[in-house]
file final-v2.csv (CSV, C-alpha atoms and all ligand atoms)
chain,number,residue,atom,x,y,z
A,1,MET,CA,85.6,165.7,77.8
A,2,ASN,CA,83.5,164.5,80.7
A,3,ILE,CA,80.2,162.6,80.3
A,4,ILE,CA,78.0,165.7,80.7
A,5,GLU,CA,80.0,167.6,78.1
A,6,LYS,CA,79.8,164.6,75.8
A,7,ILE,CA,76.0,164.4,76.1
A,8,LEU,CA,75.6,168.1,75.5
A,9,GLU,CA,78.0,168.0,72.5
A,10,LYS,CA,76.0,165.2,71.0
A,11,SER,CA,72.8,167.2,71.6
A,12,LYS,CA,74.1,170.2,69.7
A,13,LYS,CA,74.3,168.2,66.5
A,14,ILE,CA,70.6,167.1,66.7
A,15,ASP,CA,68.2,169.2,64.6
A,16,ALA,CA,65.1,169.7,66.8
A,17,THR,CA,62.5,172.3,67.8
A,18,ILE,CA,61.9,172.7,71.5
A,19,ILE,CA,59.0,174.6,73.1
A,20,LEU,CA,59.8,177.0,75.9
A,21,PRO,CA,56.3,178.1,76.9
A,22,GLU,CA,57.5,180.4,79.7
A,23,ALA,CA,59.9,182.6,77.7
A,24,ASN,CA,57.5,185.6,77.8
A,25,ILE,CA,56.7,185.3,81.5
A,26,ASP,CA,60.1,184.3,83.1
A,27,GLU,CA,63.2,186.3,82.6
A,28,ARG,CA,65.5,183.3,83.0
A,29,VAL,CA,63.7,181.4,80.3
A,30,TYR,CA,63.9,184.4,78.0
A,31,LYS,CA,67.7,184.7,78.6
A,32,ALA,CA,68.2,180.9,78.1
A,33,ALA,CA,66.2,181.1,74.8
A,34,LYS,CA,68.4,184.0,73.6
A,35,ILE,CA,71.6,181.9,74.4
A,36,LEU,CA,70.2,178.9,72.5
A,37,LEU,CA,69.3,181.0,69.5
A,38,GLU,CA,72.4,183.1,69.4
A,39,ASN,CA,74.6,180.0,69.5
A,40,ASN,CA,72.5,178.1,67.1
A,41,LEU,CA,72.0,175.3,69.6
A,42,CYS,CA,68.3,174.7,69.0
A,43,LYS,CA,65.2,175.8,67.1
A,44,LEU,CA,62.6,177.1,69.5
A,45,ILE,CA,58.9,177.9,69.8
A,46,VAL,CA,57.9,180.6,72.3
A,47,PHE,CA,54.5,182.0,73.2
A,48,GLY,CA,53.4,185.6,73.2
A,49,THR,CA,53.2,188.6,70.8
A,50,GLU,CA,56.1,189.8,68.6
A,51,ASN,CA,56.6,193.0,70.7
A,52,GLU,CA,57.4,190.8,73.8
A,53,PHE,CA,60.6,189.6,72.1
A,54,ASP,CA,63.8,191.3,70.8
A,55,SER,CA,65.3,190.8,67.3
A,56,THR,CA,67.1,187.5,68.4
A,57,PHE,CA,63.7,185.8,68.4
A,58,LYS,CA,62.8,187.1,64.9
A,59,SER,CA,65.0,184.5,63.2
A,60,LYS,CA,64.2,181.5,61.0
A,61,ASN,CA,65.1,179.3,64.0
A,62,CYS,CA,62.3,180.7,66.2
A,63,LYS,CA,58.6,180.7,65.9
A,64,ILE,CA,56.6,183.1,68.1
A,65,ILE,CA,53.0,181.8,68.6
A,66,ASP,CA,50.3,183.9,70.1
A,67,ILE,CA,48.0,181.2,71.5
A,68,LYS,CA,44.8,183.3,71.3
A,69,SER,CA,45.2,183.8,67.5
A,70,PHE,CA,46.7,180.3,66.7
A,71,PRO,CA,44.7,179.2,63.6
A,72,ASN,CA,44.3,175.6,64.8
A,73,LEU,CA,43.2,176.4,68.3
A,74,LYS,CA,39.6,175.2,67.8
A,75,GLU,CA,41.0,172.0,66.2
A,76,PHE,CA,43.3,171.4,69.1
A,77,ALA,CA,40.4,171.9,71.6
A,78,ASN,CA,38.5,169.3,69.7
A,79,GLN,CA,41.4,166.9,69.8
A,80,LEU,CA,41.8,167.4,73.5
A,81,TYR,CA,38.1,166.8,74.1
A,82,GLU,CA,38.2,163.6,72.0
A,83,LEU,CA,41.3,162.4,74.0
A,84,ARG,CA,39.9,163.1,77.4
A,85,LYS,CA,36.1,162.9,77.0
A,86,ASP,CA,36.1,159.4,78.5
A,87,LYS,CA,37.8,160.8,81.6
A,88,GLY,CA,35.0,163.3,82.0
A,89,LEU,CA,36.4,166.3,80.2
A,90,THR,CA,33.7,168.5,78.7
A,91,ARG,CA,34.0,170.6,75.5
A,92,PHE,CA,33.8,173.7,77.6
A,93,GLN,CA,36.7,172.6,79.8
A,94,ALA,CA,38.8,171.5,76.7
A,95,LYS,CA,38.3,175.0,75.2
A,96,LYS,CA,39.5,176.6,78.4
A,97,LEU,CA,42.5,174.2,78.9
A,98,ILE,CA,43.8,174.6,75.4
A,99,SER,CA,44.3,178.3,75.9
A,100,GLN,CA,46.8,177.6,78.8
A,101,PRO,CA,50.4,177.4,77.7
A,102,ASP,CA,50.9,174.0,79.5
A,103,TYR,CA,48.1,172.1,77.6
A,104,PHE,CA,48.7,174.1,74.4
A,105,SER,CA,52.4,173.0,74.4
A,106,MET,CA,51.5,169.3,74.7
A,107,MET,CA,49.1,169.6,71.8
A,108,LEU,CA,51.8,171.2,69.6
A,109,LEU,CA,54.0,168.3,70.6
A,110,LYS,CA,51.3,165.7,69.9
A,111,ASN,CA,50.7,167.3,66.5
A,112,LYS,CA,54.5,167.0,65.8
A,113,ILE,CA,54.8,170.8,65.4
A,114,ALA,CA,57.7,170.5,67.8
A,115,ASP,CA,60.0,167.7,69.2
A,116,GLY,CA,60.1,168.5,72.9
A,117,VAL,CA,58.9,170.7,75.7
A,118,VAL,CA,60.9,172.2,78.6
A,119,ALA,CA,58.8,174.0,81.2
A,120,GLY,CA,58.3,174.5,84.9
A,121,ALA,CA,60.5,177.5,85.7
A,122,SER,CA,57.5,179.5,86.8
A,123,TRP,CA,54.9,176.8,87.5
A,124,THR,CA,54.8,173.5,89.5
A,125,THR,CA,56.0,170.1,88.4
A,126,ALA,CA,52.4,168.9,88.4
A,127,ASN,CA,51.5,171.7,86.0
A,128,THR,CA,54.1,170.5,83.5
A,129,LEU,CA,53.7,166.8,84.0
A,130,ARG,CA,49.9,166.3,84.3
A,131,PRO,CA,49.2,167.5,80.7
A,132,ALA,CA,52.2,165.5,79.5
A,133,LEU,CA,51.0,162.3,81.1
A,134,GLN,CA,47.4,162.9,79.9
A,135,ILE,CA,48.3,163.8,76.3
A,136,ILE,CA,51.7,162.5,75.4
A,137,LYS,CA,51.5,159.4,77.6
A,138,THR,CA,54.0,156.6,78.1
A,139,LYS,CA,56.0,154.8,75.4
A,140,PRO,CA,54.6,151.5,74.1
A,141,GLY,CA,55.7,148.7,76.3
A,142,LYS,CA,56.1,151.0,79.4
A,143,SER,CA,53.5,151.6,82.0
A,144,ILE,CA,55.0,154.4,84.0
A,145,VAL,CA,56.9,157.6,83.4
A,146,THR,CA,59.7,158.2,86.0
A,147,GLY,CA,61.9,161.2,86.8
A,148,ALA,CA,65.7,160.5,87.0
A,149,MET,CA,68.5,162.8,87.9
A,150,LEU,CA,72.0,162.4,86.6
A,151,MET,CA,74.5,163.3,89.4
A,152,PHE,CA,77.9,164.5,88.2
A,153,LYS,CA,81.2,165.3,89.9
A,154,GLU,CA,84.5,165.7,88.2
A,155,GLY,CA,86.6,162.6,88.6
A,156,LYS,CA,83.8,160.4,90.0
A,157,THR,CA,81.6,157.9,88.4
A,158,PRO,CA,78.4,159.6,87.1
A,159,LEU,CA,75.4,158.4,89.1
A,160,LEU,CA,71.7,158.2,88.1
A,161,PHE,CA,69.1,158.6,90.9
A,162,ALA,CA,65.4,157.6,90.4
A,163,ASP,CA,62.6,158.3,91.0
A,164,ILE,CA,63.2,161.8,92.2
A,165,SER,CA,60.3,163.7,90.9
A,166,LEU,CA,57.1,161.9,90.0
A,167,ILE,CA,55.9,158.7,91.7
A,168,GLU,CA,55.1,159.3,95.4
A,169,ASN,CA,54.7,155.8,96.6
A,170,PRO,CA,55.8,153.3,93.9
A,171,THR,CA,54.6,149.6,94.1
A,172,SER,CA,57.2,146.8,93.8
A,173,GLU,CA,56.2,146.6,90.1
A,174,ASN,CA,56.7,150.3,89.7
A,175,LEU,CA,60.1,150.1,91.4
A,176,ALA,CA,61.2,147.3,89.1
A,177,GLU,CA,60.2,149.3,86.0
A,178,ILE,CA,61.9,152.5,87.4
A,179,ALA,CA,65.1,150.3,87.8
A,180,ILE,CA,64.9,148.9,84.3
A,181,SER,CA,64.1,152.2,82.6
A,182,SER,CA,66.9,153.9,84.5
A,183,ALA,CA,69.4,151.2,83.6
A,184,GLU,CA,68.4,151.5,79.9
A,185,PHE,CA,69.1,155.2,80.0
A,186,TYR,CA,72.4,154.8,81.8
A,187,LYS,CA,73.4,152.1,79.3
A,188,LYS,CA,72.5,154.3,76.3
A,189,PHE,CA,74.2,157.5,77.4
A,190,VAL,CA,76.8,156.7,80.1
A,191,GLY,CA,78.0,153.1,80.5
A,192,THR,CA,77.3,149.7,82.0
A,193,PRO,CA,74.6,150.1,84.6
A,194,LYS,CA,74.9,148.6,88.1
A,195,VAL,CA,71.6,149.1,89.8
A,196,ALA,CA,71.2,149.2,93.6
A,197,MET,CA,67.6,148.9,94.9
A,198,LEU,CA,68.0,151.1,98.1
A,199,SER,CA,66.4,150.5,101.5
A,200,TYR,CA,67.2,151.0,105.1
A,201,SER,CA,68.0,147.2,105.2
A,202,THR,CA,70.7,145.2,103.5
A,203,ASN,CA,70.2,141.6,102.5
A,204,GLY,CA,67.4,141.0,104.9
A,205,SER,CA,69.0,142.6,107.9
A,206,ALA,CA,65.6,144.1,108.8
A,207,LYS,CA,62.1,142.9,108.2
A,208,GLY,CA,59.0,144.8,107.5
A,209,GLU,CA,56.6,146.0,104.8
A,210,LEU,CA,59.0,148.7,103.4
A,211,VAL,CA,61.8,146.2,103.1
A,212,LYS,CA,59.6,143.5,101.5
A,213,LYS,CA,58.5,146.1,98.9
A,214,VAL,CA,62.0,146.5,97.7
A,215,GLN,CA,62.9,142.8,97.9
A,216,ASP,CA,59.8,142.0,95.7
A,217,ALA,CA,60.9,144.7,93.3
A,218,VAL,CA,64.4,143.2,93.0
A,219,ALA,CA,62.8,139.8,92.2
A,220,ILE,CA,60.5,141.3,89.6
A,221,ALA,CA,63.3,143.3,87.9
A,222,LYS,CA,65.7,140.3,87.8
A,223,LYS,CA,63.1,138.2,86.1
A,224,SER,CA,62.4,140.8,83.5
A,225,CYS,CA,65.9,142.0,82.4
A,226,ASN,CA,69.5,141.0,82.2
A,227,PHE,CA,70.9,144.2,83.8
A,228,LEU,CA,73.1,143.9,86.9
A,229,ILE,CA,70.5,144.6,89.6
A,230,ASP,CA,70.8,143.9,93.3
A,231,GLY,CA,69.2,144.7,96.7
A,232,GLU,CA,67.7,145.4,98.9
A,233,MET,CA,70.7,147.3,100.2
A,234,GLN,CA,71.6,150.4,102.2
A,235,ALA,CA,73.3,153.3,100.5
A,236,ASP,CA,76.6,152.5,102.1
A,237,SER,CA,76.5,148.9,100.7
A,238,ALA,CA,75.7,150.4,97.3
A,239,LEU,CA,78.7,152.8,97.3
A,240,ASP,CA,81.4,151.2,99.5
A,241,LYS,CA,82.9,147.9,98.6
A,242,GLN,CA,84.0,146.9,102.1
A,243,THR,CA,80.7,147.7,103.7
A,244,ALA,CA,78.9,145.7,100.9
A,245,LYS,CA,81.2,142.7,101.6
A,246,LYS,CA,80.6,142.9,105.4
A,247,LYS,CA,76.9,143.0,104.8
A,248,GLY,CA,76.9,140.0,102.5
A,249,ILE,CA,76.5,141.7,99.1
A,250,ASN,CA,78.9,139.9,96.9
A,251,SER,CA,77.5,140.9,93.4
A,252,ALA,CA,79.2,143.4,91.1
A,253,VAL,CA,76.7,146.0,92.2
A,254,GLY,CA,77.8,146.0,95.9
A,255,GLY,CA,80.0,149.0,96.5
A,256,GLN,CA,80.0,149.9,92.8
A,257,ALA,CA,76.5,150.9,92.1
A,258,ASN,CA,76.0,153.7,89.6
A,259,VAL,CA,72.2,153.6,89.3
A,260,LEU,CA,70.4,154.2,92.6
A,261,ILE,CA,66.7,153.4,92.9
A,262,PHE,CA,65.0,154.9,95.9
A,263,PRO,CA,62.1,153.2,97.6
A,264,ASP,CA,59.8,156.3,97.4
A,265,LEU,CA,59.7,159.9,96.3
A,266,ASN,CA,60.6,161.4,99.7
A,267,SER,CA,63.9,159.5,99.8
A,268,GLY,CA,64.7,160.0,96.1
A,269,ASN,CA,64.1,163.8,96.2
A,270,ILE,CA,65.7,164.3,99.5
A,271,GLY,CA,68.6,162.0,98.5
A,272,TYR,CA,69.6,163.9,95.4
A,273,LYS,CA,69.4,167.2,97.1
A,274,LEU,CA,71.7,166.1,100.0
A,275,VAL,CA,74.2,164.6,97.6
A,276,SER,CA,74.2,167.8,95.6
A,277,ARG,CA,74.4,170.2,98.6
A,278,LEU,CA,76.7,168.2,100.9
A,279,GLY,CA,78.6,166.0,98.4
A,280,GLY,CA,79.3,168.6,95.7
A,281,TYR,CA,77.6,166.7,92.9
A,282,THR,CA,75.9,168.7,90.1
A,283,PRO,CA,72.4,167.4,89.4
A,284,VAL,CA,71.5,167.3,85.7
A,285,GLY,CA,67.8,166.9,85.0
A,286,PRO,CA,65.3,165.8,86.0
A,287,ILE,CA,65.1,163.6,82.9
A,288,MET,CA,61.6,162.2,82.3
A,289,LEU,CA,62.0,158.6,81.2
A,290,ASN,CA,59.4,156.6,79.2
A,291,LEU,CA,57.3,159.5,77.8
A,292,ASN,CA,56.3,159.0,74.2
A,293,MET,CA,57.9,162.4,73.4
A,294,PRO,CA,60.4,164.3,75.6
A,295,VAL,CA,59.0,166.7,78.1
A,296,ASN,CA,61.3,167.9,80.9
A,297,ASP,CA,60.5,169.8,84.0
A,298,LEU,CA,62.5,172.7,85.4
A,299,SER,CA,62.9,173.5,89.0
A,300,ARG,CA,61.4,176.9,90.0
A,301,GLY,CA,64.8,177.6,91.4
A,302,CYS,CA,66.6,176.9,88.1
A,303,THR,CA,69.3,179.1,86.7
A,304,VAL,CA,69.7,180.3,83.0
A,305,ASN,CA,72.5,177.7,82.5
A,306,GLU,CA,70.3,174.9,83.9
A,307,ILE,CA,67.6,175.8,81.4
A,308,VAL,CA,70.0,175.8,78.5
A,309,ASN,CA,71.4,172.3,79.6
A,310,THR,CA,67.9,170.9,80.1
A,311,VAL,CA,66.9,172.0,76.6
A,312,LEU,CA,70.1,170.2,75.2
A,313,LEU,CA,69.3,167.1,77.3
A,314,THR,CA,65.8,167.1,76.0
A,315,LYS,CA,67.1,166.9,72.4
A,316,ILE,CA,69.0,163.7,73.1
A,317,LEU,CA,65.8,162.0,74.3
A,318,ILE,CA,64.1,162.6,70.9
B,1,LIG,C1,52.4,164.1,88.1
B,1,LIG,C2,51.1,164.1,89.0
B,1,LIG,C3,50.7,165.6,89.0
B,1,LIG,C4,50.0,163.4,88.4
B,1,LIG,O1,49.0,163.3,89.3
B,1,LIG,P1,47.5,163.9,89.2
B,1,LIG,O2,47.4,165.2,88.6
B,1,LIG,O3,46.9,163.8,90.6
B,1,LIG,O4,46.7,163.0,88.3
B,1,LIG,P2,46.4,161.5,88.2
B,1,LIG,O5,47.1,160.7,89.3
B,1,LIG,O6,44.9,161.4,88.1
B,1,LIG,O7,47.1,161.2,86.8
B,1,LIG,C5,46.7,161.9,85.6
B,1,LIG,C6,47.1,161.0,84.5
B,1,LIG,O8,48.5,160.7,84.5
B,1,LIG,C7,48.7,159.3,84.6
B,1,LIG,N1,49.9,159.2,85.4
B,1,LIG,C8,50.1,159.6,86.7
B,1,LIG,N2,51.4,159.3,87.1
B,1,LIG,C9,51.9,158.6,86.0
B,1,LIG,C10,53.2,158.0,85.8
B,1,LIG,N3,54.2,158.1,86.7
B,1,LIG,N4,53.5,157.4,84.6
B,1,LIG,C11,52.5,157.4,83.7
B,1,LIG,N5,51.3,157.9,83.8
B,1,LIG,C12,51.0,158.5,85.0
B,1,LIG,C13,47.5,158.7,85.2
B,1,LIG,O9,47.4,157.4,84.9
B,1,LIG,C14,46.4,159.6,84.6
B,1,LIG,O10,46.1,159.2,83.3
B,1,LIG,P3,44.6,159.2,82.8
B,1,LIG,O11,44.0,160.5,83.3
B,1,LIG,O12,44.8,159.2,81.3
B,1,LIG,O13,43.9,158.0,83.4
B,1,LIG,C15,51.4,163.6,90.4
B,1,LIG,O14,51.9,162.3,90.3
B,1,LIG,C16,52.4,164.4,91.2
B,1,LIG,O15,52.0,165.5,91.7
B,1,LIG,N6,53.6,163.9,91.4
B,1,LIG,C17,54.6,164.5,92.2
B,1,LIG,C18,55.2,165.6,91.4
B,1,LIG,C19,55.9,166.6,92.3
B,1,LIG,O16,55.4,167.4,92.9
B,1,LIG,N7,57.3,166.4,92.3
B,1,LIG,C20,58.0,167.3,93.1
B,1,LIG,C21,59.5,167.0,93.0
B,1,LIG,S1,60.3,167.7,91.6
call {"tool": "encode", "arguments": {"input": "final-v2.csv", "output": "structure tokens", "more": "lines below"}}
Ligand SMILES: CC(C)(COP(=O)(O)OP(=O)(O)OC[C@H]1O[C@@H](n2cnc3c(N)ncnc32)[C@H](O)[C@@H]1OP(=O)(O)O)[C@@H](O)C(=O)NCCC(=O)NCCS
result
Amino acid sequence: MNIIEKILEKSKKIDATIILPEANIDERVYKAAKILLENNLCKLIVFGTENEFDSTFKSKNCKIIDIKSFPNLKEFANQLYELRKDKGLTRFQAKKLISQPDYFSMMLLKNKIADGVVAGASWTTANTLRPALQIIKTKPGKSIVTGAMLMFKEGKTPLLFADISLIENPTSENLAEIAISSAEFYKKFVGTPKVAMLSYSTNGSAKGELVKKVQDAVAIAKKSCNFLIDGEMQADSALDKQTAKKKGINSAVGGQANVLIFPDLNSGNIGYKLVSRLGGYTPVGPIMLNLNMPVNDLSRGCTVNEIVNTVLLTKILI
């Protein structure tokens, strides 16, 4: 069994309820929900009216909620207002937002009516993540949420790429936290993390603001954890032992990195897509790390199978 199959097998044994807020508006989510219910893989909450769903959804493992007639809607609007009034949210705005499936999902989660949310097949990443960041917030002891992608290819070491979906221009402190959080995830679910802090420079071969940002991040990360973290280094030094040696990287990370931390969102997002399209790796995720409760974002190009896997992945983060 490969690592992805192992993670998914583990997930199947976890008893959890996941919200799929787009099952009534996106055919792929509807089909994924059916697969999850038919195979007893997960309990679900979907939104809409009974007549929008077939008999598979009328089981004890699925709750269909019509947001407009949800008994606690007013209470949820009040809670949202109280949570966000200091940020300028008015009662009127809270009442309006709570009727939207994205905000309503997060309030169900916050009230522990469900254990996780998977959304974003039909709306943008920002639509899924903004309410999650505002309502669910980061775990105690963490200051940022980051999006990581597990990159898998049969016979190759599984790789974790971060940040690939959330933080446009991370500071050195942000990069250090992204590195540590990614290493924690890798250690928990895959194996011993070897973290490379990527740059266009290796070991001071170039100078400039962008290089210094990564060098500072390495120093901060090394001070705050015992994981194997090294950099700044180029991708070839991270993945090829001989190149690493030639360029003066002698640590256990050089040429053997399995957690790759990108200096910004452009490089992270472009990087995982290139490795997937040209290198034949399968991306699994994105996995949102450090949220108080699991919320995962789908790509609008996602397939039914990817939705099923994202739901299973979300369960292991509970
Ligand atoms: C997620 C995102 C929408 C949030 O930005 P925004 O809507 O402009 O809102 P703000 O920056 O005002 O942040 C909203 C709240 O989230 C918090 N937040 C933003 N990014 C955060 C992060 N990475 N970790 C933790 N909290 C975060 C802010 O502190 C703020 O909290 P507050 O309102 O309680 O003070 C934005 O970072 C974004 O669009 N990122 C890129 C996502 C994307 O398009 N990815 C595409 C590739 S898949």
call {"tool": "residues_around", "arguments": {"input": "final-v2.csv", "residues": "Tyr281 in chain A", "least_positions_apart": "5", "cutoff": "10 Å", "atoms": "all atoms listed in the file", "output": "list in words"}}
result
Leu150, Met151, Phe152, Lys153, Glu154, Lys156, Pro158, Leu159, Tyr272, Lys273, Leu274, Val275 and Ser276 of chain A
call {"tool": "closest_residue", "arguments": {"input": "final-v2.csv", "among": "A:Arg300, A:Lys188, A:Arg130, A:Lys60", "to": "ligand LIG 1 (chain B)", "atoms": "only C-alpha atoms and all ligand atoms"}}
result
A:Arg130
call {"tool": "residues_around", "arguments": {"input": "final-v2.csv", "residues": "Lys137 in chain A", "least_positions_apart": "2", "cutoff": "9 Å", "atoms": "only C-alpha atoms", "output": "list of chain:residue names"}}
result
A:Pro131, A:Ala132, A:Leu133, A:Gln134, A:Ile135, A:Lys139, A:Ile144, A:Val145, A:Asn290, A:Leu291, A:Asn292, A:Met293
call {"tool": "residues_near_ligand", "arguments": {"input": "final-v2.csv", "ligand": "ligand LIG 1 (chain B)", "cutoff": "9 Å", "atoms": "all atoms listed in the file", "output": "VMD selection string"}}
result
chain A and resid 83 to 84 87 124 to 135 137 to 138 142 to 147 164 to 168 170 174 265 to 266 269 286 290 to 291 297 to 299
call {"tool": "residues_around", "arguments": {"input": "final-v2.csv", "residues": "range 49-58 of chain A", "least_positions_apart": "2", "cutoff": "7 Å", "atoms": "only C-alpha atoms", "output": "list in words"}}
result
Asn24, Lys34, Leu37, Glu38, Lys60, Cys62, Ile64 and Asp66 of chain A
call {"tool": "atom_distance", "arguments": {"input": "final-v2.csv", "atom1": "CA of Trp123 in chain A", "atom2": "CA of Cys302 in chain A"}}
result
11.7 Å
